[in-house]
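Here's the structure, in structure tokens; my notes come after.
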Amino acid sequence: MPAAGELDKKILKTVNVDNPSATDIETLLRAGLGTEWPVFDELPIPLSALGELFRQWQRHEGTPLGESPASADS
């Protein structure tokens, strides 16, 4: 999966990144997996595993999705 920060910012208009629902998580994972989504979507995966995958993606990024470190003062 790409870094979450590389996703198009338009996705922020369709999901609630502060308190994502199961649908929001699916939308974000679909965007992150891109062309691999159809293969992933066919796998039997419990909702709790999707939530954990999302949390691990956030942890890997080092910052919650929707938040980014502030730029340094110049």
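In the structure tokens, each chain is lettered A, B, ... as it comes, each chain's residues begin at 1, and ligands are numbered from 1 in order of appearance.
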Backbone DSSP call of helix (DSSP H, G or I) for chain A, listed as JSON, numbers by chain: {"A": [4, 5, 6, 9, 10, 11, 12, 13, 22, 23, 24, 25, 26, 27, 28, 29, 30, 31, 32, 33, 34, 35, 36, 37, 38, 39, 40, 41, 42, 47, 48, 49, 50, 51, 52, 53, 54, 55, 56, 57, 58, 59, 60, 61]}
Long-range neighbours of stretch 42-48 of chain A as number ranges by chain, 12 Å cut-off, only C-alpha atoms, 3 positions minimum in chain: A: 21-23, 25-26, 36-39, 51-55
8 Å contact set for stretch 2-14 of chain A, only C-alpha atoms, chain neighbours under 2 positions out, as a PyMOL selection string: chain A and resi 16-17+24+28+31-33+57-58+61+65-66
